[in-house]
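Enquirer: mmCIF, C-alpha atoms and all ligand atoms, file start-v6.cif:
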```cif
data_data
loop_
_atom_site.label_atom_id
_atom_site.label_comp_id
_atom_site.auth_asym_id
_atom_site.auth_seq_id
_atom_site.Cartn_x
_atom_site.Cartn_y
_atom_site.Cartn_z
CA MET A 84 0.00 0.00 0.00
CA PRO A 85 1.48 3.43 -0.91
CA ARG A 86 1.91 6.08 1.82
CA ALA A 87 -0.15 9.28 1.56
CA ASP A 88 3.06 11.06 0.44
CA ASP A 89 3.55 8.68 -2.48
CA LEU A 90 -0.07 8.56 -3.63
CA ARG A 91 -0.67 9.53 -7.25
CA ILE A 92 -4.14 11.04 -7.36
CA THR A 93 -6.21 12.14 -10.33
CA ALA A 94 -9.16 14.42 -9.63
CA LEU A 95 -11.92 15.56 -11.98
CA ALA A 96 -12.89 19.17 -11.35
CA GLY A 97 -15.41 21.88 -12.04
CA GLY A 98 -14.95 25.27 -10.40
CA VAL A 99 -15.36 26.51 -6.84
CA GLY A 100 -16.49 23.30 -5.01
CA ALA A 101 -13.72 21.18 -6.50
CA ALA A 102 -11.10 23.89 -5.94
CA ARG A 103 -12.03 24.19 -2.24
CA PHE A 104 -11.46 20.44 -1.88
CA LEU A 105 -8.20 20.49 -3.86
CA ARG A 106 -6.70 23.27 -1.70
CA GLY A 107 -6.96 20.81 1.20
CA LEU A 108 -5.78 17.82 -0.80
CA VAL A 109 -2.47 19.48 -1.75
CA ARG A 110 -1.80 19.87 1.97
CA VAL A 111 -2.36 16.15 2.58
CA ILE A 112 -0.51 14.61 -0.38
CA ASN A 113 2.50 15.70 -2.41
CA PRO A 114 1.06 18.31 -4.86
CA ALA A 115 3.47 17.12 -7.55
CA HIS A 116 1.61 13.77 -7.48
CA LEU A 117 -1.77 15.36 -8.19
CA CYS A 118 -3.29 15.61 -11.67
CA VAL A 119 -6.48 17.66 -12.01
CA VAL A 120 -8.65 17.17 -15.11
CA VAL A 121 -10.76 20.30 -15.44
CA ASN A 122 -14.09 20.96 -17.14
CA THR A 123 -13.92 23.37 -20.07
CA GLY A 124 -17.62 23.26 -20.97
CA ASP A 125 -18.03 26.62 -19.17
CA ASP A 126 -15.44 28.29 -21.41
CA ASP A 127 -16.54 31.19 -23.56
CA GLU A 128 -15.25 34.18 -25.47
CA PHE A 129 -15.80 37.70 -24.17
CA PHE A 130 -14.52 40.75 -26.08
CA GLY A 131 -12.47 38.37 -28.24
CA LEU A 132 -10.75 36.87 -25.19
CA CYS A 133 -10.71 33.13 -24.43
CA VAL A 134 -11.99 32.67 -20.89
CA SER A 135 -11.70 29.30 -19.10
CA PRO A 136 -13.38 29.91 -15.72
CA ASP A 137 -12.92 26.46 -14.17
CA LEU A 138 -9.28 26.18 -15.24
CA ASP A 139 -8.58 29.58 -13.69
CA THR A 140 -10.53 28.84 -10.50
CA VAL A 141 -8.52 25.64 -9.97
CA THR A 142 -5.20 27.30 -10.83
CA TYR A 143 -5.73 30.43 -8.70
CA THR A 144 -6.96 28.31 -5.78
CA LEU A 145 -4.00 25.91 -5.92
CA ALA A 146 -1.75 29.00 -6.03
CA ASP A 147 -3.52 30.32 -2.89
CA ALA A 148 -4.32 33.40 -4.97
CA VAL A 149 -8.08 33.09 -5.47
CA ASP A 150 -10.60 35.58 -4.09
CA GLN A 151 -11.65 33.61 -1.00
CA ALA A 152 -15.05 35.25 -0.63
CA LYS A 153 -16.25 34.60 -4.20
CA GLY A 154 -14.24 31.41 -4.73
CA TRP A 155 -13.27 32.55 -8.27
CA GLY A 156 -11.26 35.46 -9.71
CA LEU A 157 -8.54 37.37 -7.89
CA PRO A 158 -8.81 39.35 -4.66
CA ASP A 159 -8.98 43.15 -4.46
CA GLU A 160 -10.06 43.28 -8.10
CA SER A 161 -11.06 46.46 -9.84
CA PHE A 162 -13.30 46.51 -12.92
CA ARG A 163 -12.18 49.70 -14.66
CA SER A 164 -11.43 47.95 -17.98
CA LEU A 165 -14.88 46.32 -17.96
CA LYS A 166 -16.44 49.72 -17.36
CA ALA A 167 -14.41 51.19 -20.24
CA LEU A 168 -15.57 48.32 -22.49
CA GLN A 169 -19.18 49.44 -21.97
CA ARG A 170 -18.45 52.21 -24.45
CA TYR A 171 -17.94 49.63 -27.21
CA TYR A 172 -20.02 46.60 -26.21
CA PRO A 173 -23.72 46.42 -25.37
CA GLU A 174 -23.26 43.64 -22.81
CA THR A 175 -20.72 43.63 -19.98
CA TRP A 176 -22.44 41.33 -17.49
CA PHE A 177 -19.52 38.90 -17.20
CA GLY A 178 -17.27 40.26 -14.47
CA LEU A 179 -13.74 40.18 -15.89
CA GLY A 180 -11.49 41.91 -13.37
CA ASP A 181 -8.54 44.11 -14.35
CA THR A 182 -5.93 41.73 -12.90
CA ASP A 183 -7.67 38.60 -14.15
CA LEU A 184 -7.59 40.10 -17.68
CA ALA A 185 -3.85 39.37 -17.85
CA THR A 186 -4.56 35.63 -17.79
CA HIS A 187 -7.16 35.89 -20.56
CA LEU A 188 -4.89 38.08 -22.70
CA PHE A 189 -2.05 35.58 -22.30
CA ARG A 190 -4.27 32.52 -22.98
CA THR A 191 -5.82 34.13 -26.06
CA GLN A 192 -2.51 35.24 -27.52
CA GLN A 193 -0.89 31.83 -26.95
CA LEU A 194 -3.85 29.94 -28.46
CA ARG A 195 -3.82 32.25 -31.49
CA GLN A 196 -0.11 31.46 -31.91
CA GLY A 197 -1.07 27.80 -32.25
CA LYS A 198 -0.43 26.48 -28.74
CA THR A 199 -2.90 23.91 -27.42
CA LEU A 200 -5.06 24.63 -24.38
CA THR A 201 -3.06 21.91 -22.57
CA GLU A 202 0.19 23.81 -23.25
CA VAL A 203 -1.23 27.20 -22.31
CA THR A 204 -2.82 25.82 -19.12
CA ALA A 205 0.53 24.32 -18.09
CA ALA A 206 2.26 27.66 -18.74
CA ILE A 207 -0.33 29.54 -16.66
CA ALA A 208 -0.11 27.03 -13.80
CA HIS A 209 3.71 27.25 -13.89
CA ALA A 210 3.57 31.06 -13.84
CA TRP A 211 1.42 30.87 -10.69
CA GLY A 212 3.80 28.39 -9.03
CA VAL A 213 1.28 25.52 -9.06
CA ARG A 214 3.04 22.15 -8.61
CA ALA A 215 0.08 19.95 -9.48
CA THR A 216 -0.58 19.07 -13.12
CA VAL A 217 -3.64 20.97 -14.36
CA LEU A 218 -5.12 19.50 -17.54
CA PRO A 219 -8.06 20.84 -19.55
CA MET A 220 -10.47 18.00 -20.29
CA SER A 221 -10.03 18.54 -24.04
CA ASN A 222 -8.13 20.67 -26.52
CA GLU A 223 -11.21 20.82 -28.71
CA PRO A 224 -14.00 23.23 -27.78
CA VAL A 225 -16.98 21.62 -26.02
CA ARG A 226 -19.58 24.20 -25.02
CA THR A 227 -22.26 23.48 -22.45
CA VAL A 228 -25.60 24.87 -23.59
CA VAL A 229 -28.43 24.84 -21.05
CA HIS A 230 -31.90 24.48 -22.56
CA THR A 231 -34.76 25.99 -20.56
CA GLU A 232 -38.27 27.09 -21.61
CA ALA A 233 -36.54 30.24 -22.88
CA GLY A 234 -34.38 28.24 -25.31
CA GLY A 235 -30.71 27.26 -25.31
CA LEU A 236 -28.26 29.46 -23.44
CA PRO A 237 -24.45 29.17 -23.37
CA PHE A 238 -23.50 28.15 -19.82
CA GLN A 239 -22.24 31.55 -18.59
CA GLU A 240 -25.32 33.27 -19.98
CA TYR A 241 -27.55 30.80 -18.09
CA PHE A 242 -25.46 30.86 -14.89
CA VAL A 243 -24.24 34.47 -14.55
CA LYS A 244 -26.52 36.65 -16.68
CA GLY A 245 -29.65 34.53 -16.06
CA ARG A 246 -28.72 33.63 -12.43
CA GLY A 247 -29.44 29.96 -13.12
CA GLU A 248 -33.16 30.60 -13.44
CA GLY A 249 -35.65 28.73 -15.60
CA ARG A 250 -36.61 25.07 -15.64
CA VAL A 251 -33.81 23.05 -17.22
CA ARG A 252 -35.07 20.70 -19.92
CA ARG A 253 -31.86 19.50 -21.50
CA ILE A 254 -28.12 19.99 -21.32
CA GLU A 255 -26.35 20.01 -24.62
CA LEU A 256 -22.59 19.54 -24.94
CA ARG A 257 -21.97 21.32 -28.23
CA GLY A 258 -18.86 20.09 -30.03
CA LEU A 259 -18.67 16.82 -28.11
CA ASP A 260 -18.82 14.70 -31.28
CA ASP A 261 -15.63 16.29 -32.57
CA ALA A 262 -13.80 16.35 -29.23
CA ARG A 263 -11.32 13.94 -27.68
CA PRO A 264 -9.96 13.94 -24.15
CA ALA A 265 -6.77 16.01 -23.96
CA PRO A 266 -3.52 14.03 -24.06
CA GLY A 267 -2.84 12.51 -20.66
CA VAL A 268 -6.43 12.57 -19.37
CA CYS A 269 -7.30 8.87 -19.74
CA GLU A 270 -3.72 7.85 -18.85
CA ALA A 271 -3.95 9.88 -15.62
CA ILE A 272 -7.18 8.08 -14.69
CA ARG A 273 -5.78 4.64 -15.53
CA SER A 274 -2.40 5.09 -13.83
CA ALA A 275 -3.52 6.81 -10.61
CA HIS A 276 -3.52 5.15 -7.19
CA MET A 277 -6.82 6.87 -6.53
CA VAL A 278 -9.34 8.87 -8.57
CA ILE A 279 -11.40 11.52 -6.81
CA VAL A 280 -14.59 13.18 -8.02
CA PRO A 281 -14.78 16.28 -5.79
CA PRO A 282 -18.05 18.06 -4.92
CA SER A 283 -18.81 19.64 -8.29
CA ASN A 284 -22.07 19.92 -10.23
CA PRO A 285 -22.53 16.40 -11.67
CA LEU A 286 -24.34 17.65 -14.79
CA VAL A 287 -22.36 20.66 -16.01
CA SER A 288 -18.97 20.25 -14.28
CA ILE A 289 -18.27 16.51 -14.08
CA GLY A 290 -20.78 15.58 -16.83
CA PRO A 291 -18.81 17.12 -19.74
CA ILE A 292 -15.54 15.44 -18.65
CA VAL A 293 -17.14 12.02 -18.30
CA ALA A 294 -18.98 12.42 -21.63
CA LEU A 295 -15.73 12.64 -23.62
CA PRO A 296 -15.03 9.45 -25.53
CA GLY A 297 -13.00 6.99 -23.47
CA VAL A 298 -13.20 8.82 -20.14
CA ARG A 299 -16.11 6.85 -18.70
CA ASP A 300 -14.45 3.60 -19.80
CA ALA A 301 -11.19 4.68 -18.16
CA LEU A 302 -13.08 5.43 -14.92
CA CYS A 303 -14.83 2.04 -15.03
CA GLN A 304 -11.68 0.12 -15.91
CA THR A 305 -9.03 1.79 -13.74
CA SER A 306 -7.69 -0.42 -10.96
CA ALA A 307 -7.67 2.66 -8.70
CA PRO A 308 -10.58 3.14 -6.32
CA VAL A 309 -12.84 5.95 -7.54
CA VAL A 310 -14.22 8.01 -4.68
CA GLY A 311 -16.79 10.77 -5.00
CA ILE A 312 -17.83 13.51 -2.61
CA SER A 313 -21.44 14.59 -2.72
CA PRO A 314 -21.93 18.19 -3.89
CA LEU A 315 -25.39 18.18 -2.29
CA VAL A 316 -25.98 18.49 1.44
CA ALA A 317 -29.57 17.89 2.53
CA GLY A 318 -30.57 18.21 -1.12
CA LYS A 319 -28.94 21.62 -1.67
CA PRO A 320 -25.60 22.59 -3.24
CA ILE A 321 -23.30 24.95 -1.32
CA LYS A 322 -23.35 27.21 -4.40
CA GLY A 323 -25.07 27.18 -7.77
CA PRO A 324 -28.20 25.64 -9.27
CA ALA A 325 -27.30 21.89 -9.18
CA ASP A 326 -30.46 20.93 -7.26
CA ARG A 327 -32.78 22.75 -9.67
CA MET A 328 -30.92 21.38 -12.69
CA LEU A 329 -31.23 17.81 -11.38
CA SER A 330 -34.94 18.19 -10.57
CA GLY A 331 -35.58 19.79 -13.96
CA LEU A 332 -34.15 16.69 -15.61
CA GLY A 333 -36.17 14.34 -13.39
CA ILE A 334 -33.20 13.24 -11.27
CA GLU A 335 -33.55 13.19 -7.48
CA ALA A 336 -31.77 16.25 -6.02
CA SER A 337 -29.88 14.41 -3.30
CA ALA A 338 -26.57 12.69 -2.65
CA ALA A 339 -28.32 9.47 -3.77
CA GLY A 340 -29.33 11.08 -7.07
CA VAL A 341 -25.72 12.14 -7.69
CA ALA A 342 -24.39 8.68 -6.75
CA GLY A 343 -26.82 7.22 -9.30
CA LEU A 344 -25.22 9.30 -12.08
CA TYR A 345 -21.79 7.92 -11.13
CA ALA A 346 -23.00 4.39 -10.31
CA ASP A 347 -21.01 2.54 -12.98
CA PHE A 348 -17.60 3.89 -11.94
CA LEU A 349 -17.87 4.85 -8.27
CA ASP A 350 -16.40 2.62 -5.52
CA ALA A 351 -16.86 4.88 -2.51
CA PHE A 352 -18.95 7.97 -1.77
CA VAL A 353 -18.47 10.57 0.93
CA ILE A 354 -21.69 12.19 2.13
CA ASP A 355 -22.38 14.90 4.66
CA SER A 356 -23.40 14.15 8.26
CA GLN A 357 -26.75 15.81 7.50
CA ASP A 358 -27.39 13.01 4.98
CA ALA A 359 -26.45 10.15 7.34
CA ALA A 360 -29.80 8.46 6.65
CA LEU A 361 -28.66 7.83 3.06
CA ARG A 362 -25.80 5.60 4.20
CA THR A 363 -27.82 2.35 4.23
CA PRO A 364 -29.51 2.77 0.81
CA LEU A 365 -26.18 3.80 -0.76
CA GLU A 366 -24.42 0.81 0.79
CA ALA A 367 -27.20 -1.39 -0.57
CA GLN A 368 -26.14 -0.18 -4.05
CA GLY A 369 -22.67 -1.59 -3.38
CA LEU A 370 -20.93 1.65 -2.44
CA ARG A 371 -18.57 2.12 0.47
CA VAL A 372 -19.95 5.16 2.26
CA ARG A 373 -18.26 7.57 4.62
CA VAL A 374 -20.33 10.13 6.53
CA THR A 375 -18.51 13.29 7.60
CA ASP A 376 -18.65 17.09 7.59
CA THR A 377 -18.26 18.04 3.90
CA ILE A 378 -18.89 21.80 4.15
CA MET A 379 -15.51 23.41 3.50
CA SER A 380 -16.02 26.82 5.08
CA ASP A 381 -12.30 27.25 5.79
CA MET A 382 -8.95 25.71 4.96
CA GLU A 383 -8.93 23.45 8.04
CA LYS A 384 -12.21 21.90 6.89
CA SER A 385 -10.85 21.38 3.37
CA VAL A 386 -7.78 19.65 4.83
CA ALA A 387 -9.90 17.51 7.16
CA LEU A 388 -12.17 16.39 4.31
CA ALA A 389 -9.19 15.63 2.05
CA ARG A 390 -7.60 13.57 4.84
CA THR A 391 -10.84 11.63 5.36
CA VAL A 392 -11.13 10.89 1.64
CA VAL A 393 -7.52 9.77 1.31
CA GLU A 394 -7.60 7.65 4.47
CA GLN A 395 -10.94 6.13 3.53
CA VAL A 396 -9.61 4.55 0.38
CA LEU A 397 -5.89 4.23 1.15
CA PRO A 398 -6.18 0.55 2.08
CA ASP A 399 -7.73 -0.17 -1.37
CA CYS A 400 -4.87 1.43 -3.29
CA ARG A 401 -2.47 -0.78 -5.16
CA SER A 402 1.21 0.17 -4.99
N1 LIG A 501 -19.34 34.15 -11.70
C1 LIG A 501 -20.34 35.00 -11.46
O1 LIG A 501 -21.27 34.66 -10.74
N2 LIG A 501 -20.35 36.27 -12.02
C2 LIG A 501 -19.34 36.71 -12.81
O2 LIG A 501 -19.38 37.85 -13.30
C3 LIG A 501 -18.24 35.82 -13.04
C4 LIG A 501 -17.13 36.21 -13.79
C5 LIG A 501 -16.02 35.34 -13.90
C6 LIG A 501 -14.87 35.75 -14.56
C7 LIG A 501 -13.79 34.90 -14.66
C8 LIG A 501 -13.86 33.62 -14.10
O3 LIG A 501 -12.81 32.80 -14.19
C9 LIG A 501 -15.00 33.20 -13.44
C10 LIG A 501 -16.09 34.04 -13.33
N3 LIG A 501 -17.25 33.65 -12.66
C11 LIG A 501 -18.28 34.53 -12.46
C12 LIG A 501 -17.37 32.28 -12.14
C13 LIG A 501 -17.89 31.31 -13.20
O4 LIG A 501 -19.04 31.77 -13.84
C14 LIG A 501 -18.28 29.99 -12.53
O5 LIG A 501 -17.56 29.74 -11.38
C15 LIG A 501 -18.07 28.76 -13.33
O6 LIG A 501 -18.17 28.87 -14.69
C16 LIG A 501 -18.91 27.61 -12.78
O7 LIG A 501 -18.01 26.65 -12.38
#
```
When written as structure tokens, how does the structure in this file appear?
Expert:
Amino acid sequence: MPRADDLRITALAGGVGAARFLRGLVRVINPAHLCVVVNTGDDDEFFGLCVSPDLDTVTYTLADAVDQAKGWGLPDESFRSLKALQRYYPETWFGLGDTDLATHLFRTQQLRQGKTLTEVTAAIAHAWGVRATVLPMSNEPVRTVVHTEAGGLPFQEYFVKGRGEGRVRRIELRGLDDARPAPGVCEAIRSAHMVIVPPSNPLVSIGPIVALPGVRDALCQTSAPVVGISPLVAGKPIKGPADRMLSGLGIEASAAGVAGLYADFLDAFVIDSQDAALRTPLEAQGLRVRVTDTIMSDMEKSVALARTVVEQVLPDCRS
């Protein structure tokens, strides 16, 4: 059995929820042994700039540079450039901060020079001193489009401009048919000692990663235990519209509903103490269940949760 220090862990990640877990994980294991595969379905272009919100949230958080209150972006931001852009653009609802703009300018320029998103993401992570490997899920664009009664909206338009309102009827992953997992994604899942699915939205954060060809098979076939952490506590997410999205699609908005979406690849599931009653039904589905405090309101709680997850499955890990 490997020691916690030697563990090679691959985590799938959306934005804020996953990042809060990962900030604890890099204090429990060697960060150089962590590979994070990040959702890019939320990516979009604003003012000609390529914006990858989940990649940046993970990178800034692992660099201990994220705005703690919001969980995304950089602290002490000003928005003078955005205000100036109002002169030229009718819509400036997406809050790109002045400091954050540097990352989008760099990413856009590098992509236009022909670099892949994998290469640019590695360069950004390196520039922020991040020791973990941060991988975009794909180098091809996959865009999450949320269909409500009002029609299909690109993810940021649904989530930020529309505040996640409207009954969700369908989630479309535009571009999926022409996309492959980025180099290293399936290998990282297959060669890890442990795979973690942190508390991210199962439909629009983890869903796009798992939908890429070969990723679900890699998760099912890896010899590593796959452990998930429920993003829902007493049926509600800490942040975002996951519960309403699940209900809209006819899926139970609970830890059990989320476990059902991961049923074919999950070995163990960590649920919150408030959901202790779900332990027995989840165990009846063949899952190993750990009940603990999953609300990561500060760094100590993130570290404690990461330690619980790692210790829970450590005995299952092959050397
Ligand atoms: N979230 C918001 O609620 N409002 C914003 O204006 C906003 C801007 C933004 C800019 C850069 C960035 O990296 C993230 C940003 N986010 C904003 C967060 C983002 O919408 C979400 O965290 C993810 O897409 C969901 O994981």
Enquirer: Looking at A:Tyr172, A:Phe130, A:Phe352, A:Trp211, which one is nearest to Val149 (chain A), with distances taken over only C-alpha atoms?
Expert: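 Smallest distance to Val149 (chain A) is found for A:Trp211.
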Enquirer: Given the choices A:Ala325, A:Val203, A:Ala215, A:Ile279, which gets closest to ligand LIG 501 (chain A) if the distance is worked out from only C-alpha atoms and all ligand atoms?
Expert: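 For ligand LIG 501 (chain A), the nearest of the candidates is A:Ala325.
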Enquirer: Of the residues A:Gln169, A:Thr144, A:Ser274, A:Ser283, which is the one nearest to ligand LIG 501 (chain A), using all atoms listed in the file?
Expert: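 The answer is A:Ser283, which sits nearest to ligand LIG 501 (chain A).
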Enquirer: Need the shell around Ile112 (chain A): protein/DNA/RNA residues with any atom at most 9 Å away, counting only C-alpha atoms. Skip same-chain ones fewer than 5 positions apart. Format as a list of chain:residue names?
Expert: A:Ala87, A:Asp88, A:Asp89, A:Leu90, A:Arg91, A:Ile92, A:Leu117, A:Arg390, A:Val393
Enquirer: Do you know which residues are at most 9 Å from Phe177 (chain A) counting only C-alpha atoms, after dropping those on the same chain fewer than 2 positions away, and could you put them as a PyMOL selection string?
Expert: chain A and resi 129+165+174-175+179+239-240+243-244
Enquirer: Record the distance separating CA of Val392 (chain A) and CA of Val353 (chain A), expressed in Å with one decimal.
Expert: 7.4 Å
Enquirer: Could you please extract the residues within 10 Å of ligand LIG 501 (chain A), counting all atoms listed in the file, and hand them back as a PyMOL selection string?
Expert: chain A and resi 96-102+122-127+129+134-143+149+153-157+175-180+183-184+186-187+238-247+283-284+287-288+322-323
Enquirer: So how far away is CA of Thr216 (chain A) from CA of Ala351 (chain A), in Å?
Expert: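 Between these atoms lies a distance of 24.1 Å.
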Enquirer: So that I can check the surroundings of Gly343 (chain A), please list as a list of chain:residue names every protein, DNA and RNA residue that reaches within 10 Å of it, counting only C-alpha atoms and ignoring chain neighbours fewer than 4 positions away.
Expert: A:Ile334, A:Glu335, A:Ser337, A:Ala338, A:Ala339, A:Asp347, A:Leu349, A:Leu365, A:Gln368
Enquirer: Which one of A:Val309, A:Ala301, A:Val111, A:Leu315 sits closest to Tyr345 (chain A) if you count only C-alpha atoms?
Expert: A:Val309
Enquirer: Name the residues in contact with Val310 (chain A) at a cut-off of 12 Å, using all atoms listed in the file, excluding same-chain residues fewer than 4 positions from it; report them as a PyMOL selection string.
Expert: chain A and resi 92-95+276-282+302-303+342+345-346+348-354+370-373+389+391-397+399-400
Enquirer: Could those selected residues go to a file with C-alpha atoms, as an mmCIF file, keeping the file's coordinate frame?
Expert:
```cif
data_model
loop_
_atom_site.group_PDB
_atom_site.id
_atom_site.type_symbol
_atom_site.label_atom_id
_atom_site.label_comp_id
_atom_site.auth_asym_id
_atom_site.auth_seq_id
_atom_site.Cartn_x
_atom_site.Cartn_y
_atom_site.Cartn_z
ATOM 1 C CA ILE A 92 -4.140 11.040 -7.360
ATOM 2 C CA THR A 93 -6.210 12.140 -10.330
ATOM 3 C CA ALA A 94 -9.160 14.420 -9.630
ATOM 4 C CA LEU A 95 -11.920 15.560 -11.980
ATOM 5 C CA HIS A 276 -3.520 5.150 -7.190
ATOM 6 C CA MET A 277 -6.820 6.870 -6.530
ATOM 7 C CA VAL A 278 -9.340 8.870 -8.570
ATOM 8 C CA ILE A 279 -11.400 11.520 -6.810
ATOM 9 C CA VAL A 280 -14.590 13.180 -8.020
ATOM 10 C CA PRO A 281 -14.780 16.280 -5.790
ATOM 11 C CA PRO A 282 -18.050 18.060 -4.920
ATOM 12 C CA LEU A 302 -13.080 5.430 -14.920
ATOM 13 C CA CYS A 303 -14.830 2.040 -15.030
ATOM 14 C CA ALA A 342 -24.390 8.680 -6.750
ATOM 15 C CA TYR A 345 -21.790 7.920 -11.130
ATOM 16 C CA ALA A 346 -23.000 4.390 -10.310
ATOM 17 C CA PHE A 348 -17.600 3.890 -11.940
ATOM 18 C CA LEU A 349 -17.870 4.850 -8.270
ATOM 19 C CA ASP A 350 -16.400 2.620 -5.520
ATOM 20 C CA ALA A 351 -16.860 4.880 -2.510
ATOM 21 C CA PHE A 352 -18.950 7.970 -1.770
ATOM 22 C CA VAL A 353 -18.470 10.570 0.930
ATOM 23 C CA ILE A 354 -21.690 12.190 2.130
ATOM 24 C CA LEU A 370 -20.930 1.650 -2.440
ATOM 25 C CA ARG A 371 -18.570 2.120 0.470
ATOM 26 C CA VAL A 372 -19.950 5.160 2.260
ATOM 27 C CA ARG A 373 -18.260 7.570 4.620
ATOM 28 C CA ALA A 389 -9.190 15.630 2.050
ATOM 29 C CA THR A 391 -10.840 11.630 5.360
ATOM 30 C CA VAL A 392 -11.130 10.890 1.640
ATOM 31 C CA VAL A 393 -7.520 9.770 1.310
ATOM 32 C CA GLU A 394 -7.600 7.650 4.470
ATOM 33 C CA GLN A 395 -10.940 6.130 3.530
ATOM 34 C CA VAL A 396 -9.610 4.550 0.380
ATOM 35 C CA LEU A 397 -5.890 4.230 1.150
ATOM 36 C CA ASP A 399 -7.730 -0.170 -1.370
ATOM 37 C CA CYS A 400 -4.870 1.430 -3.290
#
```
